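Pasting run.csv here (CSV, C-alpha atoms):
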chain,number,residue,atom,x,y,z
A,232,MET,CA,0.0,0.0,0.0
A,233,PRO,CA,1.5,3.3,-1.0
A,234,ILE,CA,2.1,5.8,1.7
A,235,THR,CA,0.7,9.2,1.0
A,236,ILE,CA,2.5,12.1,2.7
A,237,PRO,CA,0.0,14.9,3.3
A,238,LYS,CA,1.0,18.2,1.7
A,239,PRO,CA,1.5,20.9,4.4
A,240,ILE,CA,-1.0,23.7,4.4
A,241,ARG,CA,0.8,27.0,4.3
A,242,THR,CA,-1.0,29.4,6.7
A,243,LEU,CA,1.5,32.2,6.8
A,244,PRO,CA,2.6,34.2,3.7
A,245,LYS,CA,6.3,33.8,3.0
A,246,ILE,CA,8.2,37.0,3.7
A,247,PRO,CA,11.0,37.6,1.2
A,248,GLY,CA,14.5,37.5,2.8
A,249,ALA,CA,15.4,40.9,1.3
A,250,ALA,CA,12.3,42.5,3.1
A,251,VAL,CA,13.4,40.9,6.4
A,252,ILE,CA,16.9,42.4,6.0
A,253,GLY,CA,15.5,45.7,5.1
A,254,LEU,CA,13.2,45.8,8.1
A,255,LEU,CA,16.1,44.9,10.4
A,256,ALA,CA,18.2,47.6,8.9
A,257,LEU,CA,15.3,50.1,9.3
A,258,GLN,CA,14.9,49.1,13.0
A,259,TYR,CA,18.6,49.6,13.6
A,260,VAL,CA,18.6,53.1,12.0
A,261,PHE,CA,15.5,54.0,14.1
A,262,MET,CA,17.0,52.6,17.3
A,263,SER,CA,20.3,54.4,16.9
A,264,ALA,CA,18.4,57.7,16.2
A,265,THR,CA,16.2,57.5,19.2
A,266,SER,CA,18.4,55.9,21.9
A,267,GLU,CA,21.6,57.8,21.6
A,268,PRO,CA,24.2,56.1,23.9
A,269,ASN,CA,25.5,57.8,27.0
A,270,VAL,CA,22.5,60.1,27.3
A,271,HIS,CA,21.8,60.8,31.0
A,272,CYS,CA,19.5,63.0,33.0
A,273,GLU,CA,19.0,63.2,36.7
A,274,LEU,CA,17.0,65.1,39.3
A,275,LYS,CA,18.9,66.8,42.1
A,276,ILE,CA,16.5,67.3,45.0
A,277,GLN,CA,17.5,69.6,47.9
A,278,ASN,CA,16.1,68.9,51.4
A,279,PRO,CA,12.8,70.8,51.9
A,280,HIS,CA,13.7,73.9,53.8
A,281,GLN,CA,12.1,77.1,55.1
A,282,SER,CA,12.7,79.8,52.5
A,283,THR,CA,14.6,82.7,54.0
A,284,HIS,CA,14.1,84.6,50.7
A,285,ALA,CA,10.3,84.5,51.0
A,286,ALA,CA,10.4,85.5,54.6
A,287,GLU,CA,12.8,88.4,54.0
A,288,TYR,CA,11.3,89.9,50.9
A,289,LEU,CA,7.6,89.0,51.1
A,290,GLY,CA,7.0,88.2,54.8
A,291,LEU,CA,5.8,84.7,53.8
A,292,GLU,CA,6.5,81.5,55.8
A,293,VAL,CA,6.9,78.7,53.3
A,294,VAL,CA,8.6,75.4,53.0
A,295,LYS,CA,10.4,75.1,49.7
A,296,LEU,CA,11.5,72.1,47.7
A,297,LYS,CA,14.1,72.9,45.1
A,298,VAL,CA,14.6,70.5,42.2
A,299,THR,CA,17.1,70.7,39.4
A,300,SER,CA,16.9,68.5,36.3
A,301,SER,CA,20.3,68.0,34.7
A,302,CYS,CA,21.1,66.3,31.5
A,303,ASN,CA,24.4,65.7,29.6
A,304,ARG,CA,22.6,66.9,26.4
A,305,PRO,CA,20.6,70.1,25.7
A,306,GLN,CA,17.1,69.7,26.9
A,307,LYS,CA,13.8,71.3,25.9
A,308,TYR,CA,12.0,70.9,29.2
A,309,THR,CA,11.4,68.6,32.2
A,310,GLU,CA,8.0,67.7,33.5
A,311,ILE,CA,7.6,66.4,37.1
A,312,THR,CA,5.3,65.7,39.9
A,313,ALA,CA,6.9,66.4,43.3
A,314,THR,CA,5.8,65.6,46.8
A,315,ILE,CA,6.9,66.8,50.2
A,316,TYR,CA,6.5,64.2,53.0
A,317,GLU,CA,6.7,64.8,56.7
A,318,THR,CA,7.7,61.9,58.9
A,319,ARG,CA,5.7,61.3,62.0
A,320,GLY,CA,6.6,58.4,64.2
A,321,GLY,CA,8.8,57.0,61.4
A,322,LYS,CA,5.8,57.0,59.0
A,323,PRO,CA,5.7,59.2,55.9
A,324,LEU,CA,2.7,61.5,55.5
A,325,LYS,CA,2.0,63.6,52.4
A,326,ALA,CA,2.3,67.2,53.3
A,327,ALA,CA,2.2,68.9,49.9
A,328,GLN,CA,2.1,67.8,46.3
A,329,PHE,CA,2.9,69.7,43.1
A,330,LEU,CA,1.3,68.0,40.0
A,331,ASN,CA,2.4,68.5,36.4
A,332,GLU,CA,5.0,71.1,36.9
A,333,ILE,CA,7.2,72.0,33.9
A,334,ALA,CA,10.5,73.8,33.7
A,335,VAL,CA,11.4,74.9,30.1
A,336,ALA,CA,15.0,75.6,29.1
A,337,ALA,CA,15.5,79.4,29.0
A,338,ARG,CA,18.1,79.2,26.3
A,339,PRO,CA,18.5,76.8,23.3
A,340,GLN,CA,21.6,74.9,24.5
A,341,ASP,CA,20.7,74.7,28.2
A,342,HIS,CA,21.4,71.3,29.9
A,343,ASP,CA,19.8,72.2,33.2
A,344,VAL,CA,16.5,73.5,34.4
A,345,GLU,CA,15.4,74.4,37.9
A,346,PHE,CA,12.0,74.1,39.6
A,347,GLU,CA,11.7,77.1,41.9
A,348,ARG,CA,8.1,77.4,42.8
A,349,LEU,CA,7.5,74.2,44.7
A,350,THR,CA,6.5,75.9,47.9
A,351,ALA,CA,3.9,75.3,50.6
A,352,PRO,CA,2.7,77.8,53.2
A,353,CYS,CA,3.7,76.8,56.8
A,354,VAL,CA,3.2,77.7,60.4
A,355,LYS,CA,6.5,78.8,62.0
A,356,GLY,CA,7.7,77.4,65.3
A,357,VAL,CA,6.7,73.8,64.9
A,358,LYS,CA,9.6,71.4,64.3
A,359,VAL,CA,8.8,68.8,61.5
A,360,SER,CA,11.1,66.5,59.5
A,361,TYR,CA,10.5,66.5,55.8
A,362,TYR,CA,11.9,64.9,52.7
A,363,GLY,CA,10.9,65.4,49.1
A,364,ILE,CA,10.6,63.1,46.1
A,365,ALA,CA,9.9,63.8,42.4
A,366,ASN,CA,9.5,61.9,39.2
A,367,GLY,CA,8.8,62.7,35.6
A,368,PHE,CA,10.5,63.0,32.2
A,369,ALA,CA,13.1,65.1,30.7
A,370,TYR,CA,12.5,66.0,27.0
A,371,LEU,CA,15.7,66.5,25.1
A,372,GLU,CA,16.3,68.7,22.0
A,373,SER,CA,17.1,65.5,20.1
A,374,GLY,CA,13.5,64.4,20.6
A,375,GLN,CA,14.3,61.8,23.3
A,376,LYS,CA,12.2,61.4,26.4
A,377,PHE,CA,14.2,60.4,29.4
A,378,PRO,CA,12.6,59.2,32.7
A,379,VAL,CA,13.8,61.0,35.8
A,380,ASN,CA,13.2,60.5,39.5
A,381,GLY,CA,14.9,61.3,42.8
A,382,LYS,CA,14.7,61.8,46.5
A,383,SER,CA,16.1,64.5,48.7
A,384,GLY,CA,17.7,62.2,51.3
A,385,LYS,CA,17.1,61.6,55.0
A,386,PRO,CA,14.2,63.5,56.6
A,387,PHE,CA,15.4,67.0,57.4
A,388,PRO,CA,14.1,69.0,60.4
A,389,VAL,CA,12.5,72.3,59.7
A,390,LEU,CA,11.0,74.7,62.2
A,391,CYS,CA,7.8,75.3,60.2
A,392,LYS,CA,4.8,73.0,59.8
A,393,ILE,CA,3.1,72.9,56.3
A,394,LYS,CA,-0.5,73.9,56.6
A,395,ALA,CA,-3.2,71.4,55.6
A,396,LYS,CA,-4.9,72.3,52.4
B,215,MET,CA,1.6,101.1,43.5
B,216,SER,CA,-1.5,99.2,42.5
B,217,TYR,CA,-2.0,95.5,43.4
B,218,PHE,CA,-1.5,94.6,39.8
B,219,GLU,CA,1.8,96.4,39.7
B,220,GLU,CA,2.8,94.5,42.9
B,221,CYS,CA,2.0,91.2,41.1
B,222,LEU,CA,4.2,92.2,38.2
B,223,ALA,CA,7.1,92.4,40.6
B,224,THR,CA,6.4,89.2,42.6
B,225,GLY,CA,7.4,86.7,39.9
B,226,LEU,CA,8.0,83.1,41.0
B,227,TRP,CA,6.5,83.9,44.4
B,228,LEU,CA,3.0,84.4,42.9
B,229,THR,CA,0.8,81.7,44.4
B,230,PRO,CA,-1.3,79.4,42.1
B,231,VAL,CA,-4.4,81.4,43.2
B,232,GLN,CA,-2.8,84.7,42.3
B,233,ARG,CA,-1.7,83.4,38.9
B,234,GLN,CA,-5.2,82.2,38.1
B,235,ALA,CA,-6.7,85.5,39.2
B,236,LEU,CA,-4.2,87.3,37.0
B,237,TYR,CA,-5.2,85.2,34.1
B,238,LYS,CA,-8.9,86.2,34.5
B,239,TYR,CA,-8.0,89.8,35.2
B,240,LEU,CA,-5.8,90.1,32.0
B,241,LEU,CA,-8.4,88.3,29.9
B,242,SER,CA,-11.1,90.8,30.8
B,243,GLU,CA,-9.0,94.0,31.1
B,244,LYS,CA,-7.0,93.5,27.9
B,245,SER,CA,-9.8,91.9,25.8
B,246,GLU,CA,-9.7,94.6,23.1
B,247,ILE,CA,-5.9,94.7,23.0
B,248,TYR,CA,-5.8,90.9,22.7
B,249,LYS,CA,-8.3,91.0,19.8
B,250,GLU,CA,-6.2,93.5,17.9
B,251,SER,CA,-3.1,91.3,18.7
B,252,ALA,CA,-4.9,88.2,17.4
B,253,LEU,CA,-5.8,89.9,14.1
B,254,LEU,CA,-2.2,91.1,13.7
B,255,LEU,CA,-0.8,87.7,14.4
B,256,LEU,CA,-3.2,86.0,12.0
B,257,ASN,CA,-2.2,88.5,9.3
B,258,ARG,CA,1.5,88.7,9.8
B,259,GLY,CA,2.3,85.2,11.1
B,260,SER,CA,4.3,86.5,14.1
B,261,LEU,CA,3.9,89.0,16.9
B,262,SER,CA,6.2,90.4,19.6
B,263,THR,CA,4.9,91.9,22.8
B,264,GLN,CA,6.2,92.9,26.2
B,265,ILE,CA,4.9,92.5,29.8
B,266,ALA,CA,6.7,92.9,33.1
B,267,ASN,CA,10.4,92.2,32.3
B,268,ALA,CA,9.6,89.8,29.5
B,269,GLU,CA,9.6,89.9,25.8
B,270,ILE,CA,7.2,87.5,24.2
B,271,LEU,CA,7.3,86.1,20.7
B,272,TYR,CA,4.3,84.4,19.1
B,273,SER,CA,4.8,82.6,15.8
B,274,MET,CA,2.4,80.9,13.6
B,275,ASN,CA,3.2,77.8,11.5
B,276,GLN,CA,0.2,76.7,9.5
B,277,LYS,CA,-2.4,76.3,12.2
B,278,LYS,CA,-0.1,76.1,15.2
B,279,VAL,CA,0.8,79.1,17.3
B,280,SER,CA,3.9,78.9,19.5
B,281,PHE,CA,4.9,81.0,22.5
B,282,GLU,CA,8.5,81.8,23.4
B,283,CYS,CA,9.9,84.2,25.9
B,284,ARG,CA,13.1,85.9,27.1
B,285,ARG,CA,14.1,88.5,29.6
B,286,ILE,CA,14.1,92.0,28.0
B,287,GLY,CA,17.6,92.6,26.7
B,288,GLU,CA,18.7,89.0,26.5
B,289,ALA,CA,19.9,87.5,23.2
B,290,ASP,CA,18.1,84.2,23.0
B,291,PHE,CA,14.5,83.3,23.2
B,292,SER,CA,13.6,80.2,25.2
B,293,GLN,CA,12.5,76.9,23.9
B,294,GLU,CA,8.8,76.8,22.9
B,295,ILE,CA,6.9,77.1,26.1
B,296,ARG,CA,3.3,76.5,24.9
B,297,ASN,CA,1.4,76.1,21.7
B,298,ILE,CA,-2.2,76.0,20.5
B,299,GLU,CA,-3.8,74.7,17.3
B,300,LEU,CA,-6.2,77.0,15.5
B,301,GLY,CA,-9.3,75.8,13.7
B,302,ARG,CA,-11.3,77.1,10.7
B,303,SER,CA,-13.7,79.5,12.5
B,304,SER,CA,-12.2,83.0,12.6
B,305,ASN,CA,-14.3,84.0,15.7
B,306,ARG,CA,-13.4,80.9,17.5
B,307,ASN,CA,-9.7,81.4,16.7
B,308,ILE,CA,-9.8,85.0,18.1
B,309,LYS,CA,-11.4,83.7,21.3
B,310,LYS,CA,-8.7,81.0,21.6
B,311,LEU,CA,-5.9,83.4,20.9
B,312,LYS,CA,-7.2,85.8,23.6
B,313,GLN,CA,-7.1,83.0,26.2
B,314,PHE,CA,-3.7,81.9,24.9
B,315,PHE,CA,-2.3,85.5,25.2
B,316,SER,CA,-3.6,85.9,28.7
B,317,GLN,CA,-2.1,82.5,29.8
B,318,CYS,CA,1.3,83.3,28.2
B,319,GLU,CA,1.4,86.7,29.8
B,320,VAL,CA,0.8,85.1,33.2
B,321,ASP,CA,3.7,82.7,32.5
B,322,ALA,CA,5.9,85.6,31.5
B,323,ILE,CA,5.1,87.7,34.6
B,324,GLY,CA,5.8,84.7,36.8
B,325,ASN,CA,9.2,84.1,35.3
B,326,PHE,CA,10.4,87.6,34.3
B,327,PRO,CA,9.0,90.0,36.9
B,328,VAL,CA,9.7,93.7,36.9
B,329,PRO,CA,13.1,94.1,38.6
B,330,GLY,CA,12.6,95.2,42.2
B,331,LYS,CA,13.3,94.4,45.8
B,332,ILE,CA,12.9,90.6,45.2
B,333,PRO,CA,16.0,89.1,43.6
B,334,GLN,CA,15.1,86.3,41.1
B,335,ASP,CA,17.5,84.4,39.0
B,336,VAL,CA,16.3,81.0,37.8
B,337,LYS,CA,17.6,78.5,35.3
B,338,GLY,CA,14.5,77.7,33.3
B,339,ILE,CA,11.0,78.9,32.9
B,340,ASN,CA,8.5,77.4,35.4
B,341,ILE,CA,5.0,76.8,34.2
B,342,SER,CA,2.0,74.5,35.0
B,343,LYS,CA,1.4,71.9,32.3
B,344,PHE,CA,-2.3,72.6,31.9
B,345,PRO,CA,-3.3,76.2,31.0
B,346,TYR,CA,-6.2,77.8,32.7
B,347,TYR,CA,-8.4,77.6,29.5
B,348,ASP,CA,-8.0,73.8,29.5
B,349,LEU,CA,-10.6,72.0,31.6
B,350,ASN,CA,-7.8,69.6,32.5
B,351,TYR,CA,-6.4,72.3,34.7
B,352,TYR,CA,-9.3,72.0,37.1
B,353,SER,CA,-9.1,68.1,37.2
B,354,ASP,CA,-5.2,68.0,37.4
B,355,GLY,CA,-5.2,66.1,34.1
B,356,LYS,CA,-7.9,63.6,35.0
B,357,GLY,CA,-10.1,64.5,32.1
B,358,ARG,CA,-12.2,67.3,30.7
B,359,ALA,CA,-15.5,66.1,32.1
B,360,LEU,CA,-14.3,66.1,35.7
B,361,GLY,CA,-12.6,69.4,35.0
B,362,TRP,CA,-15.9,70.9,33.8
B,363,LEU,CA,-17.6,69.7,37.0
B,364,LYS,CA,-14.9,71.2,39.1
B,365,LYS,CA,-14.9,74.4,37.1
B,366,ILE,CA,-18.6,75.1,37.6
B,367,LYS,CA,-18.2,74.5,41.4
B,368,SER,CA,-15.3,77.0,41.5
B,369,ARG,CA,-15.6,80.6,42.5
B,370,ASP,CA,-13.6,83.7,41.6
B,371,SER,CA,-11.0,84.4,44.3
B,372,GLU,CA,-10.9,87.5,46.4
B,373,ILE,CA,-7.6,88.3,44.7
B,374,LEU,CA,-9.5,88.9,41.4
B,375,THR,CA,-11.6,91.5,43.2
B,376,LYS,CA,-8.4,93.0,44.7
B,377,LEU,CA,-6.9,93.2,41.2
B,378,ARG,CA,-9.9,95.0,39.9
B,379,THR,CA,-10.3,97.4,42.7
B,380,LEU,CA,-6.9,98.2,44.3
Please go through the file and, once you have read it, give me the structure as structure tokens.
Amino acid sequence: MPITIPKPIRTLPKIPGAAVIGLLALQYVFMSATSEPNVHCELKIQNPHQSTHAAEYLGLEVVKLKVTSSCNRPQKYTEITATIYETRGGKPLKAAQFLNEIAVAARPQDHDVEFERLTAPCVKGVKVSYYGIANGFAYLESGQKFPVNGKSGKPFPVLCKIKAK
Amino acid sequence: MSYFEECLATGLWLTPVQRQALYKYLLSEKSEIYKESALLLLNRGSLSTQIANAEILYSMNQKKVSFECRRIGEADFSQEIRNIELGRSSNRNIKKLKQFFSQCEVDAIGNFPVPGKIPQDVKGINISKFPYYDLNYYSDGKGRALGWLKKIKSRDSEILTKLRTL
């Protein structure tokens, strides 16, 4: 009895080899254009502190969180959400939050931008320990989007308690 | 010195409530000037204005209007700070541009105040992502529907009254 080998049913269209090579080459070109090597951005976050500037010139009691976004390439802008936490009994409590804040480069070749208006009104005379965190993205002139995040460090004592909203 | 002039010199220390009140104040007080500026921009394709210690440049590329800014006397303008897309309706475009001008002027005042007693030198131009004319401003980016609900519940601040009277 003759053995009949069933003919395979082709379910997928055959992709020509040249097209595969072309697509790989295109992917390589695209990847090398969008993920430039050695690009780096970071957030430098100072300890939340009472602003002497605001007290001296405006008579305002505020706790300020200063954040700097630094890249090793020119950036267009950085967008962050920042939070000041107070620690009470070792537990963190959200004291103030700043959503969707943007710092745009003031000049075309600037690598750094500073966030200077992350401030919260406070009541002087009450000692509270604060720390700050921030996260977001830096947008470079080259078109790249770079994730950034950071923390100020250990809780830092400040003689001013942020007012509840 | 009027309260408005005080705000022009406060810069980065303006509170979010003060900035929003300034937006509403400028939008109503400069309505006619903004209309003329909108027509000029639509005809010429670019427009330069000044407020506080800032020089503002608006430029139009097809239907997109961009806003850049620099301290008066400085050589370079900033990166693009904001932009809006215009539509087909001329009246609607003028309304949109008026809101855009008011927002951009508040951004400019906040970053380049009139030089005065408060020293301010910052690397970068600080703004909020959502402009006041966007309902997302009221919902912190959680959608226009929620923003609309929050907007109708909101009231004008006392600062707006102060701006109009003092």
Name all residues at most 9 Å from Gln234 in chain B (count all atoms listed in the file; drop same-chain ones fewer than 6 positions away) and give them as a PyMOL selection string.
-> chain B and resi 317+320+346+371+374
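Nearest to Tyr361 in chain A of all the residues A:Lys394, A:Lys325, A:Arg348, A:His342 is A:Lys325, counting all atoms listed in the file.
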List every residue of chain B that has an atom at most 12 Å from any atom of chain A, and for each one report the closest atom pair and its distance in Å to one decimal, counting only C-alpha atoms, with rows sorted by chain and then by increasing residue number, as a tab-separated table.
residue	atom	partner	partner_atom	distance
B:Glu220	CA	A:Leu289	CA	11.0
B:Cys221	CA	A:Leu289	CA	11.7
B:Ala223	CA	A:Leu289	CA	11.0
B:Thr224	CA	A:Leu289	CA	8.6
B:Gly225	CA	A:Arg348	CA	9.8
B:Leu226	CA	A:Arg348	CA	6.0
B:Trp227	CA	A:Arg348	CA	6.9
B:Leu228	CA	A:Arg348	CA	8.7
B:Thr229	CA	A:Arg348	CA	8.6
B:Pro230	CA	A:Arg348	CA	9.6
B:Ala268	CA	A:Ala337	CA	12.0
B:Phe281	CA	A:Val335	CA	11.7
B:Glu282	CA	A:Ala337	CA	9.3
B:Cys283	CA	A:Ala337	CA	8.0
B:Arg284	CA	A:Ala337	CA	7.2
B:Arg285	CA	A:Ala337	CA	9.2
B:Glu288	CA	A:Arg338	CA	9.8
B:Ala289	CA	A:Arg338	CA	9.0
B:Asp290	CA	A:Arg338	CA	6.0
B:Phe291	CA	A:Arg338	CA	6.3
B:Ser292	CA	A:Ala337	CA	4.3
B:Gln293	CA	A:Ala336	CA	5.9
B:Glu294	CA	A:Val335	CA	7.9
B:Ile295	CA	A:Val335	CA	6.4
B:Arg296	CA	A:Val335	CA	9.8
B:Asp321	CA	A:Val335	CA	11.2
B:Ala322	CA	A:Ala337	CA	11.7
B:Gly324	CA	A:Arg348	CA	9.7
B:Asn325	CA	A:Glu347	CA	9.9
B:Phe326	CA	A:Ala337	CA	11.0
B:Gly330	CA	A:Tyr288	CA	10.3
B:Lys331	CA	A:Tyr288	CA	7.1
B:Ile332	CA	A:Tyr288	CA	6.0
B:Pro333	CA	A:His284	CA	8.6
B:Gln334	CA	A:His284	CA	9.8
B:Asp335	CA	A:Glu347	CA	9.8
B:Val336	CA	A:Glu345	CA	6.7
B:Lys337	CA	A:Val344	CA	5.2
B:Gly338	CA	A:Ala336	CA	4.7
B:Ile339	CA	A:Val335	CA	4.9
B:Asn340	CA	A:Ala334	CA	4.5
B:Ile341	CA	A:Ile333	CA	5.3
B:Ser342	CA	A:Glu332	CA	4.9
B:Lys343	CA	A:Asn331	CA	5.4
B:Phe344	CA	A:Asn331	CA	7.7
B:Pro345	CA	A:Asn331	CA	11.0
B:Asn350	CA	A:Asn331	CA	11.0
B:Tyr351	CA	A:Asn331	CA	9.7
B:Tyr352	CA	A:Leu330	CA	11.7
B:Ser353	CA	A:Leu330	CA	10.8
B:Asp354	CA	A:Leu330	CA	7.0
B:Gly355	CA	A:Asn331	CA	8.3
B:Lys356	CA	A:Leu330	CA	11.4
Do a neighbour search on Gln281 in chain A at 12 Å with all atoms listed in the file, toss out local chain neighbours closer than 2 positions, and write the hits as a PyMOL selection string.
-> chain A and resi 277-279+283-287+291-297+349-361+387-393
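Closest approach to Lys312 in chain B among B:Ile270, B:Leu222, B:Ile265, B:Leu240: B:Leu240, based on only C-alpha atoms.
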In terms of the shortest atom-to-atom distance over all atoms listed in the file, which of A:Ala365, A:Cys302, A:Ile315, A:Ala250 is closest to His280 in chain A?
-> A:Ile315
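Put simply, CA of Ser303 in chain B is 18.1 Å away from CA of Phe315 in chain B.
CA of Gln328 in chain A is found 25.9 Å from CA of His271 in chain A.
CA of Ser301 in chain A sits 5.3 Å away from CA of Cys272 in chain A.
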Using all atoms listed in the file, which residues sit within 8 Å of Lys382 in chain A once same-chain residues fewer than 6 positions away are excluded, as a count of residues only?
-> 6
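Closest to Pro305 in chain A among A:Ala395, A:Arg319, A:Gly381, A:Tyr370 is A:Tyr370, based on only C-alpha atoms.
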